[in-house]
>>> print(open('target-v4.txt').read())   # compact mmCIF, C-alpha atoms and all ligand atoms
# COMPACT_ATOMS: atom_id res chain seq x y z
CA MET Y 1 0.00 0.00 0.00
CA LYS Y 2 1.41 3.38 -1.07
CA VAL Y 3 0.56 6.19 1.33
CA CYS Y 4 1.55 9.86 1.29
CA VAL Y 5 1.69 11.95 4.47
CA VAL Y 6 1.52 15.72 3.96
CA GLY Y 7 3.31 17.77 6.65
CA ALA Y 8 6.17 16.74 8.92
CA GLY Y 9 5.03 18.21 12.23
CA ALA Y 10 4.37 16.14 15.34
CA TRP Y 11 1.25 14.52 13.85
CA GLY Y 12 2.69 13.82 10.40
CA ALA Y 13 5.98 12.38 11.65
CA ALA Y 14 4.10 10.08 14.04
CA THR Y 15 1.73 9.00 11.26
CA ALA Y 16 4.63 8.23 8.92
CA LEU Y 17 6.37 6.18 11.61
CA PHE Y 18 3.30 4.05 12.34
CA LEU Y 19 2.56 3.61 8.64
CA ALA Y 20 6.08 2.30 8.17
CA ARG Y 21 5.62 -0.06 11.11
CA LEU Y 22 2.40 -1.33 9.50
CA GLY Y 23 4.40 -2.17 6.37
CA ALA Y 24 3.12 0.60 4.07
CA SER Y 25 5.28 2.24 1.44
CA VAL Y 26 5.38 5.81 2.78
CA MET Y 27 6.29 9.15 1.25
CA LEU Y 28 6.33 12.09 3.67
CA LEU Y 29 6.13 15.49 1.97
CA GLU Y 30 7.01 18.64 3.88
CA ALA Y 31 6.82 22.17 2.43
CA THR Y 32 9.55 23.76 4.54
CA GLY Y 33 11.42 21.52 6.97
CA HIS Y 34 10.29 19.22 9.75
CA SER Y 35 8.71 21.01 12.75
CA ALA Y 36 8.34 24.20 10.69
CA GLY Y 37 4.76 24.72 11.92
CA ALA Y 38 3.30 24.76 15.43
CA THR Y 39 5.50 21.85 16.50
CA GLY Y 40 8.70 23.88 16.29
CA PHE Y 41 7.16 26.65 18.41
CA ALA Y 42 5.70 24.46 21.14
CA ALA Y 43 6.67 24.09 24.80
CA GLY Y 44 6.23 20.32 24.51
CA ILE Y 45 4.50 19.86 27.87
CA LEU Y 46 2.89 16.45 28.42
CA THR Y 47 0.27 16.06 31.11
CA THR Y 48 -2.44 13.47 31.59
CA GLN Y 49 -4.44 16.12 33.48
CA THR Y 50 -6.42 17.13 30.40
CA TRP Y 51 -9.91 18.61 30.45
CA TYR Y 52 -11.36 15.63 28.51
CA GLU Y 53 -10.81 12.06 29.69
CA LYS Y 54 -10.13 10.52 26.28
CA ASP Y 55 -7.30 13.01 25.77
CA SER Y 56 -5.73 11.77 28.98
CA THR Y 57 -5.70 8.26 27.50
CA LEU Y 58 -4.05 9.64 24.34
CA VAL Y 59 -1.34 11.39 26.37
CA SER Y 60 -0.58 8.17 28.30
CA ARG Y 61 -0.39 6.26 25.05
CA THR Y 62 1.86 8.91 23.48
CA LEU Y 63 4.15 8.71 26.49
CA LYS Y 64 4.29 4.93 26.18
CA HIS Y 65 5.31 5.31 22.52
CA ILE Y 66 7.94 7.92 23.44
CA ARG Y 67 9.43 5.47 25.95
CA ASP Y 68 9.54 2.92 23.17
CA ILE Y 69 11.27 5.38 20.80
CA GLU Y 70 13.80 6.19 23.52
CA THR Y 71 15.01 2.59 23.41
CA SER Y 72 16.06 3.09 19.78
CA VAL Y 73 17.69 6.55 19.84
CA PRO Y 74 20.92 7.53 21.63
CA HIS Y 75 19.36 10.13 23.95
CA SER Y 76 16.27 10.44 26.11
CA VAL Y 77 13.41 12.47 24.68
CA PHE Y 78 11.01 12.89 27.59
CA ARG Y 79 12.02 14.83 30.68
CA ARG Y 80 9.91 13.78 33.62
CA THR Y 81 9.76 16.74 35.98
CA GLY Y 82 6.25 16.49 37.39
CA MET Y 83 3.69 19.24 36.98
CA ILE Y 84 2.20 21.57 39.55
CA ARG Y 85 -1.13 23.05 38.55
CA ILE Y 86 -2.41 26.05 40.47
CA VAL Y 87 -6.07 27.06 40.35
CA PRO Y 88 -8.20 29.59 42.21
CA ALA Y 89 -10.04 28.18 45.28
CA ARG Y 90 -13.34 28.24 43.38
CA ASP Y 91 -11.96 25.53 41.05
CA LYS Y 92 -10.90 23.20 43.88
CA GLU Y 93 -13.64 20.67 43.19
CA ARG Y 94 -12.81 20.49 39.49
CA LEU Y 95 -9.10 20.03 40.17
CA SER Y 96 -9.88 17.31 42.72
CA GLN Y 97 -12.03 15.54 40.10
CA LEU Y 98 -9.16 15.61 37.62
CA VAL Y 99 -6.75 14.27 40.22
CA GLU Y 100 -9.21 11.49 41.08
CA ARG Y 101 -9.51 10.67 37.39
CA GLN Y 102 -5.75 10.52 36.98
CA ARG Y 103 -5.54 8.12 39.91
CA ARG Y 104 -8.33 5.99 38.49
CA LEU Y 105 -6.34 5.78 35.25
CA GLY Y 106 -3.31 4.59 37.23
CA GLU Y 107 -1.41 7.88 37.55
CA ASP Y 108 0.18 9.06 40.75
CA ALA Y 109 -1.50 12.49 41.16
CA LYS Y 110 -2.47 14.31 44.33
CA MET Y 111 -3.83 17.57 45.67
CA ILE Y 112 -1.13 19.48 47.49
CA GLY Y 113 -1.04 22.30 50.00
CA VAL Y 114 0.97 25.48 49.79
CA MET Y 115 3.80 24.04 51.88
CA ASP Y 116 4.03 20.91 49.70
CA ALA Y 117 4.25 23.05 46.59
CA ARG Y 118 7.21 24.86 48.13
CA ARG Y 119 8.90 21.50 48.58
CA PHE Y 120 8.69 20.81 44.83
CA ALA Y 121 9.45 24.38 43.75
CA PRO Y 122 11.08 26.31 46.62
CA ASP Y 123 10.86 29.67 44.86
CA MET Y 124 7.18 29.51 44.17
CA LYS Y 125 4.87 32.04 45.81
CA LEU Y 126 1.49 30.52 46.61
CA ARG Y 127 -1.37 32.26 48.34
CA GLU Y 128 -3.77 30.83 50.91
CA GLU Y 129 -6.74 31.23 48.55
CA GLU Y 130 -5.09 29.09 45.85
CA VAL Y 131 -5.27 25.34 45.41
CA ALA Y 132 -2.72 23.09 43.69
CA SER Y 133 -2.21 19.58 42.39
CA TYR Y 134 0.97 17.65 41.67
CA SER Y 135 1.29 14.97 39.00
CA PRO Y 136 4.77 13.45 39.15
CA GLN Y 137 4.59 11.54 35.86
CA ASP Y 138 4.14 14.72 33.78
CA GLY Y 139 6.98 16.59 32.08
CA TYR Y 140 8.01 17.80 28.67
CA VAL Y 141 9.81 16.97 25.42
CA SER Y 142 11.65 19.10 22.94
CA PRO Y 143 9.05 18.73 20.16
CA THR Y 144 11.70 19.19 17.45
CA ASP Y 145 13.89 16.46 18.98
CA LEU Y 146 10.89 14.15 19.26
CA VAL Y 147 10.02 14.64 15.58
CA GLY Y 148 13.71 14.20 14.65
CA ALA Y 149 13.80 10.88 16.53
CA GLU Y 150 10.57 9.72 14.88
CA LEU Y 151 11.85 10.62 11.42
CA SER Y 152 15.15 8.88 11.92
CA LEU Y 153 13.31 5.70 12.98
CA ALA Y 154 10.82 6.02 10.12
CA ARG Y 155 13.66 6.43 7.64
CA SER Y 156 15.38 3.35 9.01
CA LEU Y 157 12.12 1.54 8.19
CA GLY Y 158 12.33 2.78 4.60
CA ILE Y 159 10.06 5.82 4.33
CA SER Y 160 11.03 8.45 1.82
CA TYR Y 161 10.99 12.04 3.04
CA GLU Y 162 11.01 14.90 0.54
CA ARG Y 163 10.81 18.64 0.70
CA ARG Y 164 7.80 19.45 -1.47
CA ARG Y 165 4.81 21.74 -1.08
CA VAL Y 166 1.55 20.00 -1.93
CA THR Y 167 -0.73 22.29 -3.92
CA SER Y 168 -3.57 20.01 -4.96
CA ILE Y 169 -5.13 16.74 -3.86
CA THR Y 170 -7.49 14.88 -6.22
CA GLU Y 171 -9.18 11.58 -5.55
CA ILE Y 172 -9.09 9.38 -8.68
CA SER Y 173 -10.52 5.93 -9.38
CA SER Y 174 -7.25 4.21 -8.47
CA GLY Y 175 -6.41 6.30 -5.39
CA VAL Y 176 -5.25 9.88 -4.95
CA LYS Y 177 -3.26 12.22 -7.21
CA LEU Y 178 -1.15 15.01 -5.75
CA GLU Y 179 0.59 18.00 -7.23
CA ALA Y 180 3.65 18.78 -5.19
CA SER Y 181 6.33 21.30 -6.20
CA GLY Y 182 5.82 20.68 -9.93
CA ALA Y 183 5.57 16.88 -9.73
CA GLU Y 184 2.46 14.74 -10.14
CA LEU Y 185 2.40 11.84 -7.70
CA LYS Y 186 -0.05 8.98 -7.20
CA PHE Y 187 -0.85 7.06 -4.03
CA ASP Y 188 -3.43 4.63 -2.70
CA ALA Y 189 -4.21 7.04 0.14
CA VAL Y 190 -3.07 10.38 1.50
CA VAL Y 191 -3.03 11.60 5.11
CA VAL Y 192 -3.06 15.39 5.40
CA THR Y 193 -1.45 16.46 8.68
CA ALA Y 194 -0.60 20.00 7.62
CA GLY Y 195 -1.67 21.64 10.89
CA VAL Y 196 -3.47 24.96 10.38
CA TRP Y 197 -2.84 24.72 6.62
CA THR Y 198 -4.98 21.57 6.35
CA ARG Y 199 -8.29 23.40 5.91
CA LYS Y 200 -7.13 25.22 2.77
CA LEU Y 201 -5.55 22.09 1.29
CA VAL Y 202 -8.68 19.95 1.49
CA ARG Y 203 -11.41 22.55 1.03
CA ASP Y 204 -12.60 20.87 -2.21
CA TYR Y 205 -13.72 17.91 -0.10
CA LEU Y 206 -15.01 19.38 3.11
CA ASP Y 207 -15.05 22.76 4.82
CA LEU Y 208 -13.29 21.78 8.04
CA PRO Y 209 -14.20 23.88 11.09
CA VAL Y 210 -10.69 24.83 12.18
CA ILE Y 211 -9.78 28.36 13.26
CA PRO Y 212 -6.06 29.15 13.52
CA TYR Y 213 -5.45 31.09 16.74
CA LYS Y 214 -2.27 32.50 18.18
CA THR Y 215 -0.29 31.46 21.23
CA GLN Y 216 3.11 32.67 22.43
CA LEU Y 217 6.20 31.40 24.21
CA GLY Y 218 9.49 32.88 25.39
CA LEU Y 219 12.76 31.89 27.01
CA VAL Y 220 13.83 33.70 30.17
CA THR Y 221 17.09 33.43 32.10
CA TYR Y 222 16.59 31.90 35.54
CA GLU Y 223 19.85 31.31 37.34
CA VAL Y 224 18.55 29.09 40.14
CA GLY Y 225 16.98 26.43 37.91
CA LEU Y 226 13.41 25.17 38.10
CA GLY Y 227 12.09 21.73 39.03
CA PRO Y 228 8.59 20.95 37.76
CA VAL Y 229 6.41 22.25 34.95
CA VAL Y 230 3.99 24.82 36.40
CA ASP Y 231 0.55 25.45 34.91
CA ASP Y 232 -0.85 28.55 36.54
CA GLN Y 233 -4.58 28.82 35.94
CA VAL Y 234 -4.79 31.75 38.34
CA LEU Y 235 -2.49 34.10 36.43
CA HIS Y 236 -3.17 32.28 33.13
CA PHE Y 237 0.34 31.33 32.06
CA TYR Y 238 2.70 28.34 32.33
CA PHE Y 239 6.40 27.72 32.61
CA ARG Y 240 8.79 24.83 32.53
CA PRO Y 241 12.54 24.31 32.87
CA GLU Y 242 14.47 24.84 29.63
CA SER Y 243 18.05 24.47 30.86
CA SER Y 244 19.74 24.71 34.27
CA LYS Y 245 19.74 28.50 33.82
CA SER Y 246 16.61 29.25 31.81
CA ILE Y 247 12.89 28.61 31.69
CA ALA Y 248 10.31 28.59 28.89
CA VAL Y 249 7.24 30.72 29.62
CA GLY Y 250 3.99 30.51 27.68
CA ASP Y 251 1.03 32.84 27.55
CA GLY Y 252 -0.48 35.45 25.26
CA THR Y 253 -3.16 33.39 23.58
CA SER Y 254 -5.14 35.50 21.10
CA LEU Y 255 -8.26 33.69 20.09
CA GLY Y 256 -8.55 35.53 16.77
CA ASN Y 257 -8.73 33.96 13.33
CA PHE Y 258 -5.25 34.25 11.76
CA ASP Y 259 -4.18 33.45 8.20
CA PRO Y 260 -1.38 30.85 8.36
CA ASP Y 261 0.03 32.12 5.04
CA ASP Y 262 0.35 35.66 6.34
CA PHE Y 263 1.35 35.26 9.96
CA ASP Y 264 4.00 37.17 11.92
CA THR Y 265 5.85 34.77 14.23
CA HIS Y 266 7.28 37.59 16.35
CA SER Y 267 5.65 37.81 19.77
CA GLU Y 268 3.32 40.75 20.31
CA THR Y 269 4.60 43.99 21.81
CA GLY Y 270 3.82 43.73 25.48
CA PHE Y 271 4.09 39.94 25.68
CA GLN Y 272 7.45 40.01 27.44
CA THR Y 273 6.39 42.73 29.90
CA GLU Y 274 3.15 40.99 30.76
CA VAL Y 275 4.80 37.62 31.28
CA SER Y 276 7.62 39.16 33.35
CA GLN Y 277 5.04 40.65 35.71
CA LYS Y 278 3.34 37.30 36.12
CA LEU Y 279 6.66 35.61 36.77
CA LEU Y 280 7.51 38.21 39.40
CA SER Y 281 4.28 37.58 41.16
CA ARG Y 282 4.64 33.77 41.05
CA LEU Y 283 8.36 33.06 41.29
CA GLY Y 284 11.05 34.40 43.60
CA LYS Y 285 14.49 35.40 42.33
CA VAL Y 286 13.31 36.61 38.92
CA GLU Y 287 14.18 40.28 39.43
CA SER Y 288 17.39 39.84 37.46
CA SER Y 289 15.88 37.51 34.84
CA GLU Y 290 15.84 38.63 31.22
CA PHE Y 291 14.08 37.49 28.09
CA ILE Y 292 16.40 35.64 25.73
CA THR Y 293 13.82 35.44 22.93
CA SER Y 294 10.09 35.01 22.36
CA TRP Y 295 7.82 34.04 19.49
CA ALA Y 296 4.25 33.32 18.39
CA GLY Y 297 2.76 30.26 16.66
CA LEU Y 298 -0.63 29.15 15.38
CA VAL Y 299 -2.72 26.27 16.63
CA GLY Y 300 -6.06 25.00 15.27
CA GLY Y 301 -9.24 25.49 17.31
CA THR Y 302 -12.37 23.40 16.62
CA PRO Y 303 -15.97 23.97 17.81
CA ASP Y 304 -15.84 21.25 20.52
CA ARG Y 305 -12.04 21.43 21.11
CA HIS Y 306 -11.65 17.87 19.79
CA PRO Y 307 -9.47 16.97 16.80
CA LEU Y 308 -10.74 16.25 13.30
CA LEU Y 309 -9.54 12.78 12.34
CA GLY Y 310 -10.29 10.38 9.51
CA PRO Y 311 -11.50 10.18 5.90
CA ILE Y 312 -13.20 13.15 4.24
CA SER Y 313 -13.49 12.04 0.59
CA ASP Y 314 -16.15 9.81 -1.00
CA ALA Y 315 -13.93 6.78 -1.45
CA GLY Y 316 -12.25 7.44 1.89
CA ASN Y 317 -8.71 7.73 0.57
CA VAL Y 318 -8.17 11.35 1.64
CA ILE Y 319 -7.71 11.35 5.40
CA VAL Y 320 -7.06 14.35 7.65
CA GLY Y 321 -5.58 14.86 11.09
CA CYS Y 322 -5.88 18.43 12.39
CA GLY Y 323 -7.56 20.56 15.06
CA ASP Y 324 -4.97 20.25 17.81
CA ASN Y 325 -6.56 22.96 20.02
CA GLY Y 326 -3.15 23.95 21.35
CA PHE Y 327 -2.12 20.67 22.98
CA GLY Y 328 -1.25 18.40 20.10
CA VAL Y 329 2.33 17.38 20.89
CA MET Y 330 1.20 15.55 24.02
CA ARG Y 331 -1.27 13.41 21.99
CA SER Y 332 0.74 13.20 18.78
CA LEU Y 333 1.90 9.57 18.75
CA ALA Y 334 -1.50 8.17 19.72
CA ILE Y 335 -3.14 10.27 17.00
CA GLY Y 336 -0.49 9.33 14.41
CA GLU Y 337 -1.03 5.67 15.29
CA TYR Y 338 -4.78 6.08 14.72
CA LEU Y 339 -4.36 7.89 11.38
CA ALA Y 340 -1.89 5.26 10.13
CA HIS Y 341 -4.36 2.46 10.91
CA MET Y 342 -7.15 4.37 9.16
CA ALA Y 343 -5.02 4.85 6.05
CA CYS Y 344 -4.18 1.13 5.89
CA GLY Y 345 -7.76 0.06 6.54
CA ARG Y 346 -6.76 -1.62 9.81
CA GLN Y 347 -8.59 -1.66 13.14
CA PRO Y 348 -7.03 1.11 15.26
CA PRO Y 349 -5.91 0.13 18.78
CA VAL Y 350 -7.91 3.00 20.32
CA ASP Y 351 -11.29 3.94 18.88
CA LEU Y 352 -11.28 7.65 18.04
CA SER Y 353 -14.34 7.61 15.80
CA GLU Y 354 -15.98 10.20 18.09
CA PHE Y 355 -13.42 12.63 16.58
CA SER Y 356 -14.51 11.92 13.00
CA ALA Y 357 -13.52 14.78 10.68
CA ARG Y 358 -17.00 14.61 9.18
CA ARG Y 359 -18.94 15.03 12.43
CA PHE Y 360 -19.94 18.64 11.68
CA GLY Y 361 -21.26 17.80 8.20
CA ALA Y 362 -20.93 19.94 5.08
CA ARG Y 363 -21.81 23.24 6.79
CA PRO Y 364 -19.63 23.72 9.85
CA PRO Y 365 -21.02 25.84 12.68
CA LYS Y 366 -19.76 29.35 13.37
CA PHE Y 367 -17.73 29.34 16.58
CA GLU Y 368 -15.14 31.17 18.64
CA PRO Y 369 -12.10 29.04 19.53
CA ARG Y 370 -11.43 28.34 23.21
CA GLU Y 371 -8.16 27.30 24.78
CA GLY Y 372 -7.56 23.55 24.96
CA PHE Y 373 -4.79 23.34 27.58
CA THR Y 374 -7.05 23.98 30.55
CA ILE Y 375 -9.10 22.20 33.23
CA TYR Y 376 -12.60 22.80 31.80
C1 LIG G 401 3.65 28.65 21.53
C2 LIG G 401 3.08 27.26 21.49
C3 LIG G 401 3.20 26.43 22.60
C4 LIG G 401 2.67 25.15 22.56
N1 LIG G 401 2.88 24.33 23.63
C5 LIG G 401 2.41 23.05 23.60
C6 LIG G 401 2.67 22.17 24.69
O1 LIG G 401 3.32 22.53 25.68
N2 LIG G 401 2.20 20.89 24.60
C7 LIG G 401 1.49 20.45 23.51
O2 LIG G 401 1.07 19.29 23.51
N3 LIG G 401 1.24 21.27 22.46
C8 LIG G 401 1.68 22.55 22.49
N4 LIG G 401 1.43 23.38 21.43
C9 LIG G 401 0.60 22.89 20.32
C10 LIG G 401 1.41 22.05 19.36
O3 LIG G 401 2.46 22.81 18.86
C11 LIG G 401 0.53 21.55 18.22
O4 LIG G 401 -0.63 20.97 18.74
C12 LIG G 401 1.24 20.52 17.36
O5 LIG G 401 2.53 20.93 17.08
C13 LIG G 401 0.45 20.26 16.08
O6 LIG G 401 1.24 19.45 15.23
P1 LIG G 401 0.82 19.22 13.73
O7 LIG G 401 1.76 18.22 13.16
O8 LIG G 401 -0.63 18.96 13.66
O9 LIG G 401 0.99 20.64 13.00
P2 LIG G 401 2.34 21.50 12.54
O10 LIG G 401 3.37 21.30 13.56
O11 LIG G 401 1.84 22.83 12.28
O12 LIG G 401 2.78 20.72 11.25
C14 LIG G 401 2.22 20.96 9.99
C15 LIG G 401 3.32 20.82 8.95
O13 LIG G 401 2.73 20.81 7.66
C16 LIG G 401 3.59 21.51 6.78
N5 LIG G 401 2.79 21.94 5.63
C17 LIG G 401 1.83 22.90 5.60
N6 LIG G 401 1.31 23.01 4.37
C18 LIG G 401 1.95 22.10 3.59
C19 LIG G 401 1.85 21.75 2.21
N7 LIG G 401 0.99 22.35 1.40
N8 LIG G 401 2.67 20.77 1.74
C20 LIG G 401 3.55 20.14 2.56
N9 LIG G 401 3.69 20.45 3.87
C21 LIG G 401 2.89 21.41 4.39
C22 LIG G 401 4.11 22.67 7.62
O14 LIG G 401 5.29 23.21 7.09
C23 LIG G 401 4.32 21.98 8.96
O15 LIG G 401 5.62 21.46 9.11
C24 LIG G 401 1.97 24.68 21.42
C25 LIG G 401 1.86 25.51 20.29
C26 LIG G 401 2.42 26.78 20.33
C27 LIG G 401 2.30 27.64 19.09
>>> encode(input="target-v4.txt", output="structure tokens", more="lines below")
Ligand SMILES: Cc1cc2nc3c(=O)[nH]c(=O)nc-3n(C[C@H](O)[C@H](O)[C@H](O)COP(=O)(O)OP(=O)(O)OC[C@H]3O[C@@H](n4cnc5c(N)ncnc54)[C@H](O)[C@@H]3O)c2cc1C
Amino acid sequence: MKVCVVGAGAWGAATALFLARLGASVMLLEATGHSAGATGFAAGILTTQTWYEKDSTLVSRTLKHIRDIETSVPHSVFRRTGMIRIVPARDKERLSQLVERQRRLGEDAKMIGVMDARRFAPDMKLREEEVASYSPQDGYVSPTDLVGAELSLARSLGISYERRRVTSITEISSGVKLEASGAELKFDAVVVTAGVWTRKLVRDYLDLPVIPYKTQLGLVTYEVGLGPVVDDQVLHFYFRPESSKSIAVGDGTSLGNFDPDDFDTHSETGFQTEVSQKLLSRLGKVESSEFITSWAGLVGGTPDRHPLLGPISDAGNVIVGCGDNGFGVMRSLAIGEYLAHMACGRQPPVDLSEFSARRFGARPPKFEPREGFTIY
């Protein structure tokens, strides 16, 4: 079976790897370079404390696959640091529910008090009216390194990986025809994992309800080092260790509708100042910290904050995987595994049919995107 994957971000690289493992003949086409889209801009945080239970299962499965990949590459990919999540007291019940759910799913999560939080992150300033949880199995990856590891494994299994921009996708009687950087190519099936560019690429088949919205990240010097990932739902930002002397800080989500082909990846004026103030209020010893750099990327929001996965053409040979809602790295390998099985006509190990790309029908609803990396 000859399958083409369009886009070498976290979802496309994972799909190509699983297709190769299933024995397909795979061509991965990437317009720019691997991780050129959202993946290369991401913080790479992985937490099973997701707002929707199925996503939690997908994160666990992704982590299992990362562990498996780590046995075949010379360096570790996942950094387990644990995650502290801080919420206002009014959200205590919700956070407790999520912790209970994590425990039911076999994770080692717990609610923690202010003093406990100081044990995990001594410089953290917590207030009496705040509530926190700690999930020790959470952590982060470098998304670019993860994709690099997946591609090197996929290549060792024989996939071909070419730099080509796909400009048209046409279903024909014997499969699918693509135009890509001047060449005409034919496949039995194509999986389009082109992130926020997917909607434009497949619009002849279905108008996918995906709105590209902006989110931002920066690197800040932090001489004392940081232990766990911190998701702060009180001040609405997050940070994680980057190196022994720097941290990555994310915030600045603008839920507008941005054009991926005309998008400025510089962070907005004011992003650094705003984030610095939040850091000052949450973390000690940041007075002398400075921004090293910061940037903005686009993620794809959907009406129900679930991904759009599966066939969209009549004969079912054009398959999409998009609608990451801002937390796609953490579910990438489980989603790639699903898409690969769909493309080969095999039974997927986890049923994700509830995320069918066709669930909104031919006329998608009007909607405003909402953040996906949250507790509700
Ligand atoms: C600032 C920021 C922080 C984030 N932090 C996290 C986090 O901590 N944890 C997490 O899980 N997620 C995070 N995310 C979200 C995460 O980045 C995305 O969910 C994920 O990267 C989506 O991967 P993808 O493969 O679907 O898309 P992309 O990474 O966008 O990949 C799409 C690829 O398709 C290629 N392409 C596009 N058009 C064509 C074409 N016509 N032909 C060929 N190739 C094409 C692009 O060049 C690109 O490489 C963050 C995102 C941002 C922006």
>>> residues_near_ligand(input="target-v4.txt", ligand="ligand LIG 401 (chain G)", cutoff="7 Å", atoms="only C-alpha atoms and all ligand atoms", output="NGL selection string")
:Y and (6-12 or 29-46 or 164-167 or 193-198 or 201 or 214-217 or 250 or 296-299 or 321-322 or 324-331)
>>> atom_distance(input="target-v4.txt", atom1="atom CA of Gly270 of chain Y", atom2="atom CA of Phe237 of chain Y")
14.5 Å
>>> residues_near_point(input="target-v4.txt", point="(-8.0, 22.8, 12.0)", cutoff="7 Å", atoms="all atoms listed in the file", output="ChimeraX atom specification")
/Y:195-196,198-199,208-212,300-302,322-323
>>> residues_around(input="target-v4.txt", residues="Gly113 of chain Y", least_positions_apart="4", cutoff="10 Å", atoms="only C-alpha atoms", output="list in words")
Ala117, Arg118, Leu126, Glu128, Glu130, Val131, Ala132, Ser133 and Tyr134 of chain Y
>>> residues_near_point(input="target-v4.txt", point="(-7.7, 28.8, 20.0)", cutoff="6 Å", atoms="only C-alpha atoms", output="MDAnalysis selection string")
chainID Y and resid 213 255 301 325 369:371
>>> closest_residue(input="target-v4.txt", among="Y:Asp304, Y:Glu171, Y:Glu179, Y:Asp108", to="Trp51 of chain Y", atoms="all atoms listed in the file")
Y:Asp304
>>> atom_distance(input="target-v4.txt", atom1="atom CA of Asp91 of chain Y", atom2="atom CA of His306 of chain Y")
22.6 Å
>>> atom_distance(input="target-v4.txt", atom1="atom CA of Gln272 of chain Y", atom2="atom CA of Ser244 of chain Y")
20.8 Å
>>> closest_residue(input="target-v4.txt", among="Y:Ala315, Y:Ile84, Y:Val77, Y:Leu178", to="Arg240 of chain Y", atoms="only C-alpha atoms")
Y:Ile84
>>> closest_residue(input="target-v4.txt", among="Y:Ser276, Y:Ser72, Y:Gln233, Y:Ser289", to="Ala149 of chain Y", atoms="all atoms listed in the file")
Y:Ser72
>>> decode(input="target-v4.txt", residues="segment 141-156 of chain Y", atoms="N, CA and C atoms", output="mmCIF file, in the first residue's frame")
data_model
loop_
_atom_site.group_PDB
_atom_site.id
_atom_site.type_symbol
_atom_site.label_atom_id
_atom_site.label_comp_id
_atom_site.auth_asym_id
_atom_site.auth_seq_id
_atom_site.Cartn_x
_atom_site.Cartn_y
_atom_site.Cartn_z
ATOM 1 N N VAL Y 141 8.839 17.391 26.450
ATOM 2 C CA VAL Y 141 9.806 16.967 25.424
ATOM 3 C C VAL Y 141 10.257 18.218 24.675
ATOM 4 N N SER Y 142 11.364 18.114 23.986
ATOM 5 C CA SER Y 142 11.647 19.098 22.942
ATOM 6 C C SER Y 142 10.908 18.573 21.714
ATOM 7 N N PRO Y 143 9.844 19.268 21.271
ATOM 8 C CA PRO Y 143 9.048 18.728 20.156
ATOM 9 C C PRO Y 143 9.890 18.475 18.907
ATOM 10 N N THR Y 144 10.857 19.359 18.646
ATOM 11 C CA THR Y 144 11.702 19.190 17.454
ATOM 12 C C THR Y 144 12.556 17.929 17.583
ATOM 13 N N ASP Y 145 13.090 17.682 18.767
ATOM 14 C CA ASP Y 145 13.889 16.464 18.976
ATOM 15 C C ASP Y 145 13.022 15.212 18.840
ATOM 16 N N LEU Y 146 11.798 15.305 19.354
ATOM 17 C CA LEU Y 146 10.893 14.152 19.256
ATOM 18 C C LEU Y 146 10.620 13.830 17.787
ATOM 19 N N VAL Y 147 10.294 14.857 17.014
ATOM 20 C CA VAL Y 147 10.016 14.636 15.583
ATOM 21 C C VAL Y 147 11.284 14.109 14.892
ATOM 22 N N GLY Y 148 12.444 14.675 15.235
ATOM 23 C CA GLY Y 148 13.709 14.204 14.647
ATOM 24 C C GLY Y 148 13.911 12.715 14.928
ATOM 25 N N ALA Y 149 13.628 12.301 16.158
ATOM 26 C CA ALA Y 149 13.803 10.882 16.527
ATOM 27 C C ALA Y 149 12.819 10.008 15.743
ATOM 28 N N GLU Y 150 11.581 10.493 15.615
ATOM 29 C CA GLU Y 150 10.570 9.718 14.876
ATOM 30 C C GLU Y 150 10.980 9.574 13.415
ATOM 31 N N LEU Y 151 11.472 10.670 12.843
ATOM 32 C CA LEU Y 151 11.850 10.617 11.421
ATOM 33 C C LEU Y 151 13.046 9.704 11.204
ATOM 34 N N SER Y 152 13.987 9.742 12.143
ATOM 35 C CA SER Y 152 15.150 8.876 11.918
ATOM 36 C C SER Y 152 14.737 7.402 12.003
ATOM 37 N N LEU Y 153 13.810 7.092 12.921
ATOM 38 C CA LEU Y 153 13.315 5.702 12.984
ATOM 39 C C LEU Y 153 12.514 5.342 11.735
ATOM 40 N N ALA Y 154 11.651 6.291 11.302
ATOM 41 C CA ALA Y 154 10.817 6.024 10.122
ATOM 42 C C ALA Y 154 11.693 5.814 8.888
ATOM 43 N N ARG Y 155 12.755 6.609 8.793
ATOM 44 C CA ARG Y 155 13.657 6.432 7.635
ATOM 45 C C ARG Y 155 14.352 5.083 7.695
ATOM 46 N N SER Y 156 14.722 4.657 8.911
ATOM 47 C CA SER Y 156 15.380 3.349 9.012
ATOM 48 C C SER Y 156 14.420 2.233 8.604
#
